[in-house]
file data.cif (mmCIF, C-alpha atoms)
data_coords
loop_
_atom_site.label_atom_id
_atom_site.label_comp_id
_atom_site.auth_asym_id
_atom_site.auth_seq_id
_atom_site.Cartn_x
_atom_site.Cartn_y
_atom_site.Cartn_z
CA MET D 1 175.23 -8.09 77.33
CA GLN D 2 175.23 -8.80 73.61
CA THR D 3 177.63 -6.51 71.76
CA THR D 4 176.89 -5.87 68.10
CA CYS D 5 179.31 -4.51 65.51
CA LEU D 6 178.36 -3.34 62.01
CA ILE D 7 181.02 -3.55 59.30
CA VAL D 8 180.42 -1.36 56.24
CA ASP D 9 182.56 -1.93 53.14
CA ASP D 10 181.79 -2.52 49.48
CA SER D 11 184.33 -5.35 49.43
CA ALA D 12 182.96 -8.64 50.80
CA VAL D 13 186.53 -9.88 51.24
CA ILE D 14 187.45 -6.89 53.38
CA ARG D 15 184.26 -7.25 55.43
CA ALA D 16 185.28 -10.84 56.13
CA MET D 17 188.81 -9.77 57.07
CA VAL D 18 187.60 -7.01 59.42
CA ALA D 19 185.05 -9.38 60.95
CA ARG D 20 187.78 -11.90 61.64
CA ALA D 21 189.98 -9.21 63.22
CA VAL D 22 187.09 -8.12 65.45
CA LYS D 23 186.37 -11.72 66.48
CA LEU D 24 190.05 -12.31 67.29
CA SER D 25 190.31 -9.05 69.23
CA GLY D 26 188.86 -10.58 72.37
CA THR D 27 186.54 -7.62 72.85
CA GLY D 28 183.44 -9.74 73.41
CA VAL D 29 181.66 -8.70 70.22
CA SER D 30 179.00 -11.38 69.93
CA TRP D 31 177.20 -10.38 66.74
CA ILE D 32 178.70 -8.97 63.56
CA LEU D 33 176.50 -7.47 60.85
CA GLU D 34 177.63 -6.39 57.39
CA ALA D 35 176.57 -3.73 54.90
CA ALA D 36 177.96 -2.96 51.43
CA ASN D 37 177.49 0.81 51.64
CA GLY D 38 176.25 3.62 53.86
CA GLN D 39 172.66 3.34 52.68
CA ASP D 40 172.47 -0.35 53.55
CA ALA D 41 174.09 0.46 56.90
CA LEU D 42 171.37 3.02 57.71
CA THR D 43 168.71 0.43 56.91
CA ILE D 44 170.28 -1.96 59.43
CA LEU D 45 170.80 0.78 62.02
CA ALA D 46 167.09 1.64 61.80
CA THR D 47 166.12 -1.82 63.05
CA VAL D 48 169.00 -3.25 65.08
CA LYS D 49 170.77 -1.91 68.16
CA VAL D 50 174.43 -1.58 67.15
CA HIS D 51 177.27 -0.72 69.55
CA LEU D 52 180.04 0.01 67.05
CA VAL D 53 180.30 0.79 63.33
CA LEU D 54 183.49 0.14 61.33
CA SER D 55 183.08 1.82 57.95
CA ASP D 56 185.06 2.26 54.77
CA MET D 57 185.23 5.79 53.36
CA HIS D 58 184.84 5.34 49.61
CA MET D 59 181.85 3.21 48.61
CA PRO D 60 179.26 3.35 45.84
CA GLU D 61 175.82 4.83 46.63
CA MET D 62 176.81 6.25 50.03
CA GLY D 63 180.32 6.61 51.46
CA GLY D 64 181.53 6.79 55.03
CA ALA D 65 181.44 10.59 55.32
CA GLU D 66 177.75 10.76 54.40
CA LEU D 67 176.94 7.81 56.65
CA ILE D 68 178.48 9.68 59.59
CA ALA D 69 176.63 12.88 58.66
CA ARG D 70 173.29 11.02 58.50
CA MET D 71 173.94 9.29 61.81
CA GLN D 72 174.78 12.62 63.44
CA GLN D 73 171.36 13.93 62.36
CA GLN D 74 169.53 11.17 64.23
CA PRO D 75 169.55 11.35 68.05
CA ASN D 76 169.27 7.56 68.42
CA LEU D 77 172.30 6.96 66.16
CA ARG D 78 174.50 9.89 67.18
CA GLN D 79 175.97 8.07 70.17
CA ILE D 80 177.09 5.00 68.24
CA PRO D 81 180.85 5.23 67.70
CA VAL D 82 181.96 5.07 64.06
CA VAL D 83 185.53 4.15 63.13
CA ILE D 84 186.68 4.76 59.56
CA VAL D 85 188.74 1.92 58.05
CA SER D 86 190.07 3.05 54.69
CA ALA D 87 192.97 3.09 52.23
CA GLU D 88 192.39 6.85 51.96
CA PRO D 89 195.88 8.37 51.58
CA SER D 90 195.10 11.66 53.30
CA THR D 91 195.43 11.63 57.08
CA GLN D 92 194.05 15.17 57.05
CA ARG D 93 190.76 14.02 55.46
CA MET D 94 190.48 11.18 57.96
CA GLU D 95 191.02 13.62 60.83
CA GLU D 96 188.41 15.95 59.37
CA LEU D 97 185.91 13.11 59.62
CA CYS D 98 186.74 12.87 63.32
CA THR D 99 185.67 16.50 63.73
CA HIS D 100 182.36 15.58 62.07
CA GLY D 101 181.52 12.63 64.30
CA ALA D 102 183.90 9.73 63.56
CA ARG D 103 185.52 8.41 66.74
CA GLY D 104 188.72 7.19 65.11
CA TYR D 105 190.29 5.94 61.91
CA LEU D 106 192.49 3.15 60.70
CA GLN D 107 194.42 3.33 57.45
CA LYS D 108 194.63 0.12 55.40
CA PRO D 109 196.63 -2.03 55.46
CA PHE D 110 196.33 -2.71 59.17
CA LYS D 111 197.12 -5.52 61.56
CA PRO D 112 194.44 -7.18 63.74
CA GLU D 113 196.02 -5.69 66.87
CA ASP D 114 195.47 -2.20 65.42
CA ILE D 115 191.71 -2.85 65.35
CA ARG D 116 191.79 -4.11 68.92
CA ALA D 117 193.64 -1.02 70.20
CA LEU D 118 191.08 1.22 68.57
CA ILE D 119 187.83 -0.52 69.47
CA VAL D 120 188.48 -1.68 73.05
CA PRO D 121 188.11 1.81 74.63
CA LEU D 122 185.09 2.59 72.44
CA LEU D 123 183.26 -0.60 73.46
CA GLU D 124 184.16 -0.08 77.12
CA GLN D 125 182.62 3.37 76.92
CA GLN D 126 179.51 1.97 75.25
CA HIS D 127 179.12 -0.61 78.04
CA GLU D 128 179.47 2.13 80.70
CA ASN D 129 176.81 4.23 78.95
CA ASN D 130 174.44 1.26 78.85
CA MET X 1 203.63 14.61 34.92
CA ARG X 2 205.14 13.43 38.23
CA THR X 3 208.09 11.05 38.00
CA ILE X 4 207.68 8.19 40.45
CA ASP X 5 210.49 5.88 41.47
CA PRO X 6 209.58 2.29 40.43
CA ASP X 7 211.20 1.06 43.65
CA LEU X 8 208.59 3.02 45.65
CA LEU X 9 205.84 1.46 43.54
CA ALA X 10 207.24 -2.04 44.13
CA ALA X 11 207.65 -1.34 47.85
CA ALA X 12 204.02 -0.18 48.17
CA LEU X 13 202.76 -3.31 46.42
CA ALA X 14 205.00 -5.56 48.54
CA GLU X 15 203.84 -3.90 51.77
CA ALA X 16 200.19 -4.20 50.77
CA LEU X 17 200.60 -7.91 49.94
CA GLU X 18 202.54 -8.70 53.10
CA THR X 19 200.40 -6.76 55.57
CA MET X 20 197.00 -7.56 54.06
CA ALA X 21 197.45 -11.12 52.93
CA PHE X 22 200.71 -12.40 54.48
CA ILE X 23 202.19 -12.93 51.02
CA GLY X 24 205.89 -12.26 50.47
CA VAL X 25 207.25 -11.17 47.10
CA GLU X 26 210.21 -12.10 44.92
CA PRO X 27 211.60 -10.76 41.64
CA PRO X 28 209.49 -11.93 38.67
CA SER X 29 210.45 -14.40 36.00
CA ASP X 30 207.70 -13.51 33.49
CA PRO X 31 205.07 -10.79 33.11
CA PRO X 32 201.43 -11.59 33.97
CA PRO X 33 199.69 -13.73 31.29
CA ALA X 34 197.33 -12.22 28.74
CA GLU X 35 194.26 -13.57 30.55
CA ALA X 36 195.22 -11.77 33.78
CA LEU X 37 192.72 -9.51 35.48
CA HIS X 38 193.23 -5.79 35.07
CA VAL X 39 192.26 -3.39 37.85
CA THR X 40 192.36 0.38 37.42
CA LEU X 41 191.97 3.03 40.07
CA ALA X 42 191.75 6.71 39.18
CA PHE X 43 192.89 9.41 41.57
CA PHE X 44 192.17 13.08 41.26
CA GLY X 45 193.04 16.36 42.89
CA PRO X 46 196.18 18.51 42.74
CA ILE X 47 197.83 15.39 41.30
CA SER X 48 195.64 13.12 39.20
CA GLY X 49 196.20 9.93 37.29
CA GLN X 50 195.59 6.23 37.36
CA LEU X 51 197.12 3.25 39.11
CA SER X 52 196.73 -0.11 37.34
CA LEU X 53 197.36 -3.63 38.49
CA ARG X 54 197.53 -6.81 36.39
CA ALA X 55 197.59 -10.23 37.99
CA PRO X 56 196.17 -13.71 37.35
CA ALA X 57 192.86 -14.50 39.02
CA ALA X 58 194.65 -17.30 40.89
CA LEU X 59 196.56 -14.69 42.91
CA GLY X 60 193.27 -12.97 43.73
CA THR X 61 191.99 -16.33 44.96
CA THR X 62 195.00 -16.75 47.26
CA ILE X 63 194.64 -13.21 48.63
CA ALA X 64 190.89 -13.65 49.20
CA ALA X 65 191.49 -16.97 50.97
CA ASN X 66 194.16 -15.44 53.23
CA LEU X 67 192.06 -12.36 54.02
CA SER X 68 188.96 -14.38 54.84
CA ALA X 69 190.79 -17.33 56.45
CA VAL X 70 189.02 -19.84 54.21
CA ASP X 71 190.20 -22.59 51.88
CA ALA X 72 191.12 -21.35 48.39
CA ALA X 73 188.76 -23.93 46.88
CA SER X 74 185.80 -22.10 48.43
CA VAL X 75 186.71 -18.69 46.94
CA ALA X 76 184.36 -17.60 44.13
CA PRO X 77 185.74 -15.77 41.04
CA ALA X 78 183.99 -12.57 42.19
CA GLN X 79 185.81 -12.73 45.51
CA ALA X 80 189.15 -13.17 43.73
CA ALA X 81 188.47 -10.05 41.67
CA ASP X 82 187.32 -8.26 44.82
CA ALA X 83 190.62 -9.10 46.53
CA LEU X 84 192.65 -7.68 43.62
CA ARG X 85 190.49 -4.54 43.68
CA GLU X 86 191.27 -4.09 47.35
CA LEU X 87 194.96 -4.76 46.78
CA THR X 88 194.97 -1.98 44.17
CA ASN X 89 193.19 0.34 46.58
CA VAL X 90 195.63 -0.30 49.42
CA THR X 91 198.70 -0.08 47.15
CA ALA X 92 197.49 3.29 45.84
CA GLY X 93 196.96 4.60 49.36
CA LEU X 94 200.42 3.49 50.50
CA LEU X 95 202.17 4.89 47.42
CA LEU X 96 200.41 8.25 47.41
CA ARG X 97 201.22 8.78 51.10
CA GLN X 98 204.88 8.34 50.11
CA VAL X 99 205.04 10.57 47.04
CA CYS X 100 202.55 13.38 47.74
CA THR X 101 202.67 16.23 50.20
CA THR X 102 199.66 16.88 52.43
CA ALA X 103 198.51 19.68 50.14
CA GLU X 104 198.84 17.52 47.02
CA MET X 105 197.07 14.43 48.38
CA PRO X 106 194.55 13.23 45.77
CA GLN X 107 191.19 11.53 46.32
CA LEU X 108 190.80 7.90 45.30
CA ALA X 109 188.03 6.67 43.03
CA ILE X 110 186.58 3.18 43.37
CA PRO X 111 188.77 0.55 41.63
CA VAL X 112 187.34 -1.17 38.57
CA VAL X 113 188.14 -4.71 37.39
CA SER X 114 188.19 -5.84 33.77
CA ALA X 115 189.76 -8.55 31.64
CA ALA X 116 193.36 -7.58 30.91
CA GLN X 117 193.79 -5.56 27.78
CA ALA X 118 196.66 -3.88 26.06
CA ASP X 119 196.80 -0.32 27.29
CA ALA X 120 199.23 1.68 25.22
CA ALA X 121 199.38 4.43 27.79
CA LEU X 122 200.76 2.02 30.35
CA HIS X 123 203.91 1.62 28.28
CA ASP X 124 204.82 5.15 29.30
CA ALA X 125 203.86 4.68 32.92
CA CYS X 126 206.16 3.88 35.78
CA SER X 127 205.71 0.17 36.49
CA ALA X 128 207.03 -2.66 38.60
CA THR X 129 206.55 -6.41 38.28
CA LEU X 130 206.96 -8.80 41.20
CA CYS X 131 206.27 -12.45 41.87
CA ALA X 132 203.75 -13.11 44.64
CA ASP X 133 203.00 -16.66 45.74
CA GLY X 134 204.33 -17.90 42.41
CA HIS X 135 202.24 -15.49 40.34
CA PRO X 136 203.55 -12.47 38.42
CA ILE X 137 201.89 -9.18 39.29
CA THR X 138 202.47 -5.82 37.62
CA VAL X 139 201.55 -2.44 39.05
CA SER X 140 201.76 0.75 36.97
CA ILE X 141 201.06 4.38 37.62
CA ARG X 142 200.47 7.26 35.28
CA THR X 143 200.11 10.83 36.51
CA HIS X 144 198.84 13.92 34.75
CA ALA X 145 200.17 17.41 35.29
#

call {"tool": "encode", "arguments": {"input": "data.cif", "output": "C-alpha coordinates"}}
result
Amino acid sequence: MQTTCLIVDDSAVIRAMVARAVKLSGTGVSWILEAANGQDALTILATVKVHLVLSDMHMPEMGGAELIARMQQQPNLRQIPVVIVSAEPSTQRMEELCTHGARGYLQKPFKPEDIRALIVPLLEQQHENN
Amino acid sequence: MRTIDPDLLAAALAEALETMAFIGVEPPSDPPPAEALHVTLAFFGPISGQLSLRAPAALGTTIAANLSAVDAASVAPAQAADALRELTNVTAGLLLRQVCTTAEMPQLAIPVVSAAQADAALHDACSATLCADGHPITVSIRTHA
(Lines of atoms letter the chains of each structure in order from A and count residues from 1; the text may use other names and numbers.)
(Lines give C-alpha, C1' and ligand atoms only; values in the text may rest on other atoms or scores of the structure.)
Protein backbone atom coordinates (compact mmCIF):
# COMPACT_ATOMS: atom_id res chain seq x y z
CA MET A 1 0.00 0.00 0.00
CA GLN A 2 1.29 3.43 -0.92
CA THR A 3 1.57 5.69 2.12
CA THR A 4 1.39 9.42 1.49
CA CYS A 5 2.51 12.16 3.87
CA LEU A 6 1.77 15.87 3.44
CA ILE A 7 4.22 18.35 4.98
CA VAL A 8 2.87 21.87 5.53
CA ASP A 9 5.33 24.64 6.39
CA ASP A 10 6.03 28.08 4.95
CA SER A 11 9.76 27.34 5.07
CA ALA A 12 10.97 25.27 2.10
CA VAL A 13 14.11 24.40 4.06
CA ILE A 14 12.09 23.02 6.95
CA ARG A 15 9.84 21.07 4.56
CA ALA A 16 12.98 19.48 3.13
CA MET A 17 14.30 18.69 6.61
CA VAL A 18 11.01 17.13 7.76
CA ALA A 19 10.76 15.17 4.51
CA ARG A 20 14.23 13.79 5.05
CA ALA A 21 13.37 12.82 8.65
CA VAL A 22 10.23 11.04 7.44
CA LYS A 23 12.17 9.19 4.72
CA LEU A 24 14.83 8.12 7.24
CA SER A 25 12.22 7.02 9.77
CA GLY A 26 11.73 3.66 8.10
CA THR A 27 7.96 4.01 8.29
CA GLY A 28 7.37 3.07 4.67
CA VAL A 29 6.12 6.48 3.57
CA SER A 30 6.40 6.23 -0.19
CA TRP A 31 5.16 9.63 -1.33
CA ILE A 32 5.78 13.00 0.30
CA LEU A 33 3.81 16.07 -0.75
CA GLU A 34 4.49 19.64 0.35
CA ALA A 35 2.37 22.74 0.92
CA ALA A 36 3.45 26.24 2.03
CA ASN A 37 0.34 26.97 4.11
CA GLY A 38 -2.98 25.54 5.26
CA GLN A 39 -4.86 26.77 2.21
CA ASP A 40 -2.48 25.04 -0.19
CA ALA A 41 -2.71 21.92 1.98
CA LEU A 42 -6.52 21.86 1.67
CA THR A 43 -6.20 22.11 -2.11
CA ILE A 44 -3.96 19.03 -2.13
CA LEU A 45 -6.16 17.16 0.35
CA ALA A 46 -9.16 17.73 -1.93
CA THR A 47 -7.53 15.72 -4.72
CA VAL A 48 -5.03 13.29 -3.19
CA LYS A 49 -5.50 10.56 -0.60
CA VAL A 50 -3.14 11.47 2.25
CA HIS A 51 -2.43 9.24 5.27
CA LEU A 52 -0.63 11.73 7.51
CA VAL A 53 -0.25 15.52 7.73
CA LEU A 54 2.72 17.17 9.47
CA SER A 55 1.93 20.87 9.80
CA ASP A 56 3.57 23.98 11.17
CA MET A 57 1.40 26.19 13.38
CA HIS A 58 2.26 29.74 12.32
CA MET A 59 2.07 30.31 8.56
CA PRO A 60 0.85 33.13 6.33
CA GLU A 61 -2.63 32.86 4.77
CA MET A 62 -3.73 29.87 6.87
CA GLY A 63 -2.00 28.43 9.94
CA GLY A 64 -2.09 24.96 11.44
CA ALA A 65 -4.98 25.61 13.83
CA GLU A 66 -7.32 26.69 11.04
CA LEU A 67 -6.17 23.82 8.83
CA ILE A 68 -7.13 21.37 11.56
CA ALA A 69 -10.48 23.11 12.09
CA ARG A 70 -11.27 22.95 8.35
CA MET A 71 -10.28 19.30 8.16
CA GLN A 72 -12.50 18.50 11.13
CA GLN A 73 -15.46 19.99 9.24
CA GLN A 74 -15.02 17.58 6.33
CA PRO A 75 -15.94 13.93 6.95
CA ASN A 76 -13.44 12.66 4.37
CA LEU A 77 -10.55 14.58 5.99
CA ARG A 78 -11.47 14.22 9.66
CA GLN A 79 -9.81 10.81 9.98
CA ILE A 80 -6.44 11.90 8.63
CA PRO A 81 -4.04 12.33 11.55
CA VAL A 82 -2.44 15.78 11.82
CA VAL A 83 0.75 16.31 13.82
CA ILE A 84 1.79 19.87 14.62
CA VAL A 85 5.53 20.57 14.17
CA SER A 86 6.28 24.05 15.47
CA ALA A 87 8.65 26.33 17.37
CA GLU A 88 5.59 27.52 19.31
CA PRO A 89 6.83 28.12 22.87
CA SER A 90 3.56 27.28 24.61
CA THR A 91 3.01 23.59 25.33
CA GLN A 92 -0.46 24.54 26.54
CA ARG A 93 -1.44 25.93 23.12
CA MET A 94 -0.07 22.82 21.40
CA GLU A 95 -2.10 20.61 23.75
CA GLU A 96 -5.19 22.69 23.07
CA LEU A 97 -4.81 21.87 19.39
CA CYS A 98 -4.86 18.19 20.34
CA THR A 99 -8.29 18.71 21.91
CA HIS A 100 -9.43 20.23 18.59
CA GLY A 101 -8.29 17.39 16.36
CA ALA A 102 -4.47 17.31 16.21
CA ARG A 103 -3.12 13.84 17.00
CA GLY A 104 0.20 15.01 18.43
CA TYR A 105 2.80 17.73 18.41
CA LEU A 106 6.52 18.15 18.13
CA GLN A 107 8.33 21.26 19.30
CA LYS A 108 11.23 22.46 17.13
CA PRO A 109 14.09 21.81 17.28
CA PHE A 110 13.61 18.06 17.09
CA LYS A 111 15.68 15.03 16.21
CA PRO A 112 14.69 12.63 13.39
CA GLU A 113 13.99 9.89 15.95
CA ASP A 114 11.38 12.16 17.58
CA ILE A 115 9.41 12.22 14.30
CA ARG A 116 9.64 8.45 14.01
CA ALA A 117 8.33 7.89 17.56
CA LEU A 118 5.36 10.11 16.84
CA ILE A 119 4.33 8.94 13.38
CA VAL A 120 4.85 5.17 13.59
CA PRO A 121 1.74 4.50 15.75
CA LEU A 122 -0.35 6.93 13.68
CA LEU A 123 0.58 5.24 10.39
CA GLU A 124 0.02 1.78 11.87
CA GLN A 125 -3.46 2.87 12.89
CA GLN A 126 -4.12 4.27 9.42
CA HIS A 127 -3.07 0.97 7.83
CA GLU A 128 -5.39 -0.96 10.19
CA ASN A 129 -8.29 1.34 9.29
CA ASN A 130 -7.65 0.82 5.59
CA MET B 1 10.81 45.47 30.60
CA ARG B 2 11.95 41.91 31.41
CA THR B 3 15.67 41.45 32.09
CA ILE B 4 16.97 38.39 30.27
CA ASP B 5 20.27 36.73 31.04
CA PRO B 6 22.52 36.91 27.92
CA ASP B 7 23.80 33.43 28.78
CA LEU B 8 20.25 32.06 28.31
CA LEU B 9 20.04 33.85 24.96
CA ALA B 10 23.38 32.37 23.85
CA ALA B 11 22.36 28.92 25.10
CA ALA B 12 19.08 29.03 23.13
CA LEU B 13 20.91 30.02 19.95
CA ALA B 14 23.56 27.33 20.47
CA GLU B 15 20.93 24.65 21.07
CA ALA B 16 18.98 25.70 17.98
CA LEU B 17 22.11 25.58 15.81
CA GLU B 18 23.30 22.25 17.18
CA THR B 19 19.98 20.41 17.12
CA MET B 20 18.66 21.82 13.85
CA ALA B 21 21.78 22.03 11.76
CA PHE B 22 24.52 20.09 13.61
CA ILE B 23 26.59 23.26 13.94
CA GLY B 24 28.63 23.81 17.10
CA VAL B 25 29.42 27.29 18.40
CA GLU B 26 32.48 29.06 19.76
CA PRO B 27 33.10 32.50 21.26
CA PRO B 28 33.19 35.18 18.53
CA SER B 29 36.18 37.14 17.33
CA ASP B 30 34.26 39.89 15.50
CA PRO B 31 30.64 41.02 15.20
CA PRO B 32 28.68 40.15 12.04
CA PRO B 33 29.66 42.29 9.01
CA ALA B 34 27.56 45.22 7.86
CA GLU B 35 26.16 43.26 4.90
CA ALA B 36 24.80 40.53 7.19
CA LEU B 37 21.17 39.53 6.96
CA HIS B 38 18.87 40.81 9.68
CA VAL B 39 15.92 38.73 10.84
CA THR B 40 13.32 40.05 13.27
CA LEU B 41 10.57 38.14 15.01
CA ALA B 42 7.94 39.91 17.09
CA PHE B 43 6.21 38.19 19.98
CA PHE B 44 3.14 39.41 21.75
CA GLY B 45 0.96 38.58 24.72
CA PRO B 46 1.48 39.13 28.46
CA ILE B 47 5.13 39.70 27.52
CA SER B 48 5.79 41.28 24.14
CA GLY B 49 8.89 42.34 22.27
CA GLN B 50 11.17 41.40 19.46
CA LEU B 51 13.97 38.92 18.93
CA SER B 52 16.54 39.84 16.26
CA LEU B 53 19.28 37.85 14.63
CA ARG B 54 22.14 39.11 12.45
CA ALA B 55 24.34 36.73 10.51
CA PRO B 56 26.08 36.56 7.13
CA ALA B 57 24.16 34.88 4.33
CA ALA B 58 26.98 32.32 4.14
CA LEU B 59 25.90 30.92 7.51
CA GLY B 60 22.33 30.68 6.23
CA THR B 61 23.69 28.71 3.26
CA THR B 62 25.47 26.26 5.57
CA ILE B 63 22.37 25.81 7.74
CA ALA B 64 20.13 25.30 4.70
CA ALA B 65 22.57 22.76 3.25
CA ASN B 66 22.73 20.83 6.54
CA LEU B 67 18.95 20.89 7.02
CA SER B 68 18.23 19.73 3.49
CA ALA B 69 21.24 17.38 3.20
CA VAL B 70 22.38 19.02 -0.04
CA ASP B 71 25.64 20.57 -1.21
CA ALA B 72 26.07 24.21 -0.16
CA ALA B 73 26.72 25.14 -3.80
CA SER B 74 23.14 24.21 -4.67
CA VAL B 75 21.56 26.44 -1.99
CA ALA B 76 19.82 29.52 -3.43
CA PRO B 77 20.02 32.90 -1.61
CA ALA B 78 16.31 32.63 -0.75
CA GLN B 79 16.92 29.30 0.96
CA ALA B 80 19.79 30.79 2.98
CA ALA B 81 17.50 33.57 4.19
CA ASP B 82 14.78 30.99 4.87
CA ALA B 83 17.20 29.00 7.06
CA LEU B 84 18.09 32.09 9.12
CA ARG B 85 14.38 32.87 9.51
CA GLU B 86 13.79 29.39 10.86
CA LEU B 87 16.81 29.63 13.16
CA THR B 88 15.33 32.83 14.61
CA ASN B 89 11.97 31.13 15.06
CA VAL B 90 13.44 28.13 16.86
CA THR B 91 15.75 30.26 19.03
CA ALA B 92 12.78 32.39 20.10
CA GLY B 93 10.74 29.32 21.00
CA LEU B 94 13.57 27.81 23.05
CA LEU B 95 14.33 31.06 24.88
CA LEU B 96 10.74 31.95 25.69
CA ARG B 97 10.11 28.47 27.12
CA GLN B 98 13.02 29.18 29.49
CA VAL B 99 12.14 32.68 30.63
CA CYS B 100 8.32 32.79 30.64
CA THR B 101 5.81 31.09 32.87
CA THR B 102 2.91 29.20 31.29
CA ALA B 103 0.60 32.14 31.92
CA GLU B 104 3.04 34.63 30.39
CA MET B 105 3.85 32.64 27.24
CA PRO B 106 3.63 34.98 24.23
CA GLN B 107 2.57 34.17 20.67
CA LEU B 108 5.18 34.30 17.92
CA ALA B 109 4.73 36.31 14.74
CA ILE B 110 6.27 35.19 11.45
CA PRO B 111 9.97 36.16 11.21
CA VAL B 112 10.94 38.77 8.63
CA VAL B 113 14.29 39.02 6.81
CA SER B 114 15.89 42.26 5.66
CA ALA B 115 19.34 43.60 4.85
CA ALA B 116 21.13 44.40 8.10
CA GLN B 117 20.59 47.91 9.31
CA ALA B 118 21.60 49.87 12.34
CA ASP B 119 18.83 49.53 14.88
CA ALA B 120 19.39 51.92 17.74
CA ALA B 121 16.95 50.09 19.94
CA LEU B 122 19.07 46.97 19.77
CA HIS B 123 21.85 48.75 21.64
CA ASP B 124 19.65 48.58 24.72
CA ALA B 125 18.62 45.00 24.16
CA CYS B 126 20.10 41.94 25.75
CA SER B 127 22.36 40.37 23.13
CA ALA B 128 24.85 37.59 22.59
CA THR B 129 27.34 37.01 19.78
CA LEU B 130 28.73 33.59 18.94
CA CYS B 131 30.81 32.08 16.17
CA ALA B 132 29.07 29.34 14.19
CA ASP B 133 30.94 27.44 11.49
CA GLY B 134 33.41 30.32 11.28
CA HIS B 135 30.71 32.99 10.97
CA PRO B 136 29.77 35.53 13.65
CA ILE B 137 26.11 35.55 14.61
CA THR B 138 24.38 37.96 16.99
CA VAL B 139 21.03 37.43 18.64
CA SER B 140 19.27 40.20 20.57
CA ILE B 141 16.03 40.48 22.45
CA ARG B 142 14.03 43.47 23.54
CA THR B 143 10.94 43.16 25.71
CA HIS B 144 8.23 45.66 26.50
CA ALA B 145 6.43 45.92 29.82

call {"tool": "closest_atom_pairs", "arguments": {"input": "data.cif", "of": "chain D", "to": "chain X", "cutoff": "9 Å", "atoms": "only C-alpha atoms", "output": "Markdown table"}}
result
| residue | atom | partner | partner_atom | distance |
| --- | --- | --- | --- | --- |
| D:Ser11 | CA | X:Asp82 | CA | 6.2 |
| D:Ala12 | CA | X:Gln79 | CA | 7.3 |
| D:Val13 | CA | X:Ala64 | CA | 6.1 |
| D:Ile14 | CA | X:Leu67 | CA | 7.2 |
| D:Arg15 | CA | X:Ser68 | CA | 8.6 |
| D:Ala16 | CA | X:Ser68 | CA | 5.3 |
| D:Met17 | CA | X:Ser68 | CA | 5.1 |
| D:Val18 | CA | X:Ser68 | CA | 8.8 |
| D:Ala19 | CA | X:Ser68 | CA | 8.8 |
| D:Arg20 | CA | X:Ser68 | CA | 7.3 |
| D:His58 | CA | X:Ile110 | CA | 6.8 |
| D:Met59 | CA | X:Ile110 | CA | 7.1 |
| D:Pro60 | CA | X:Ile110 | CA | 7.7 |
| D:Ser86 | CA | X:Val90 | CA | 8.4 |
| D:Ala87 | CA | X:Gly93 | CA | 5.1 |
| D:Glu88 | CA | X:Gly93 | CA | 5.7 |
| D:Pro89 | CA | X:Gly93 | CA | 4.5 |
| D:Ser90 | CA | X:Met105 | CA | 6.0 |
| D:Thr91 | CA | X:Thr102 | CA | 8.2 |
| D:Gln92 | CA | X:Thr102 | CA | 7.5 |
| D:Gln107 | CA | X:Gly93 | CA | 8.6 |
| D:Lys108 | CA | X:Val90 | CA | 6.1 |
| D:Pro109 | CA | X:Met20 | CA | 5.7 |
| D:Phe110 | CA | X:Thr19 | CA | 6.8 |
| D:Lys111 | CA | X:Thr19 | CA | 6.9 |

call {"tool": "atom_distance", "arguments": {"input": "data.cif", "atom1": "atom CA of Thr27 of chain D", "atom2": "atom CA of Leu54 of chain D"}}
result
14.2 Å

call {"tool": "residues_around", "arguments": {"input": "data.cif", "residues": "segment 4-6 of chain D", "least_positions_apart": "4", "cutoff": "9 Å", "atoms": "only C-alpha atoms", "output": "list in words"}}
result
Ala19, Val22, Val29, Ser30, Trp31, Ile32, Leu33, Glu34, Ala35, Ala41, Ile44, Leu45, Val48, Lys49, Val50, His51, Leu52, Val53, Leu54 and Ser55 of chain D

call {"tool": "resolve_selection", "arguments": {"input": "data.cif", "expression": "the PyMOL selection byres ((chain D and resi 117) around 12)", "output": "PDB file with C-alpha atoms, keeping the file's coordinate frame"}}
result
ATOM      1  CA  ALA D  21     189.980  -9.210  63.220  1.00  0.00           C
ATOM      2  CA  VAL D  22     187.090  -8.120  65.450  1.00  0.00           C
ATOM      3  CA  SER D  25     190.310  -9.050  69.230  1.00  0.00           C
ATOM      4  CA  GLY D  26     188.860 -10.580  72.370  1.00  0.00           C
ATOM      5  CA  THR D  27     186.540  -7.620  72.850  1.00  0.00           C
ATOM      6  CA  VAL D  83     185.530   4.150  63.130  1.00  0.00           C
ATOM      7  CA  GLY D 104     188.720   7.190  65.110  1.00  0.00           C
ATOM      8  CA  TYR D 105     190.290   5.940  61.910  1.00  0.00           C
ATOM      9  CA  LEU D 106     192.490   3.150  60.700  1.00  0.00           C
ATOM     10  CA  PHE D 110     196.330  -2.710  59.170  1.00  0.00           C
ATOM     11  CA  LYS D 111     197.120  -5.520  61.560  1.00  0.00           C
ATOM     12  CA  PRO D 112     194.440  -7.180  63.740  1.00  0.00           C
ATOM     13  CA  GLU D 113     196.020  -5.690  66.870  1.00  0.00           C
ATOM     14  CA  ASP D 114     195.470  -2.200  65.420  1.00  0.00           C
ATOM     15  CA  ILE D 115     191.710  -2.850  65.350  1.00  0.00           C
ATOM     16  CA  ARG D 116     191.790  -4.110  68.920  1.00  0.00           C
ATOM     17  CA  LEU D 118     191.080   1.220  68.570  1.00  0.00           C
ATOM     18  CA  ILE D 119     187.830  -0.520  69.470  1.00  0.00           C
ATOM     19  CA  VAL D 120     188.480  -1.680  73.050  1.00  0.00           C
ATOM     20  CA  PRO D 121     188.110   1.810  74.630  1.00  0.00           C
ATOM     21  CA  LEU D 122     185.090   2.590  72.440  1.00  0.00           C
ATOM     22  CA  LEU D 123     183.260  -0.600  73.460  1.00  0.00           C
ATOM     23  CA  GLU D 124     184.160  -0.080  77.120  1.00  0.00           C
TER      24      GLU D 124
END

call {"tool": "residues_around", "arguments": {"input": "data.cif", "residues": "Leu37 of chain X", "least_positions_apart": "3", "cutoff": "10 Å", "atoms": "only C-alpha atoms", "output": "list in words"}}
result
Pro32, Pro33, Ala34, Leu53, Arg54, Ala55, Pro56, Ala57, Ala58, Leu59, Gly60, Ala80, Ala81, Leu84, Arg85, Val113, Ser114, Ala115, Ala116, Gln117 and Ile137 of chain X
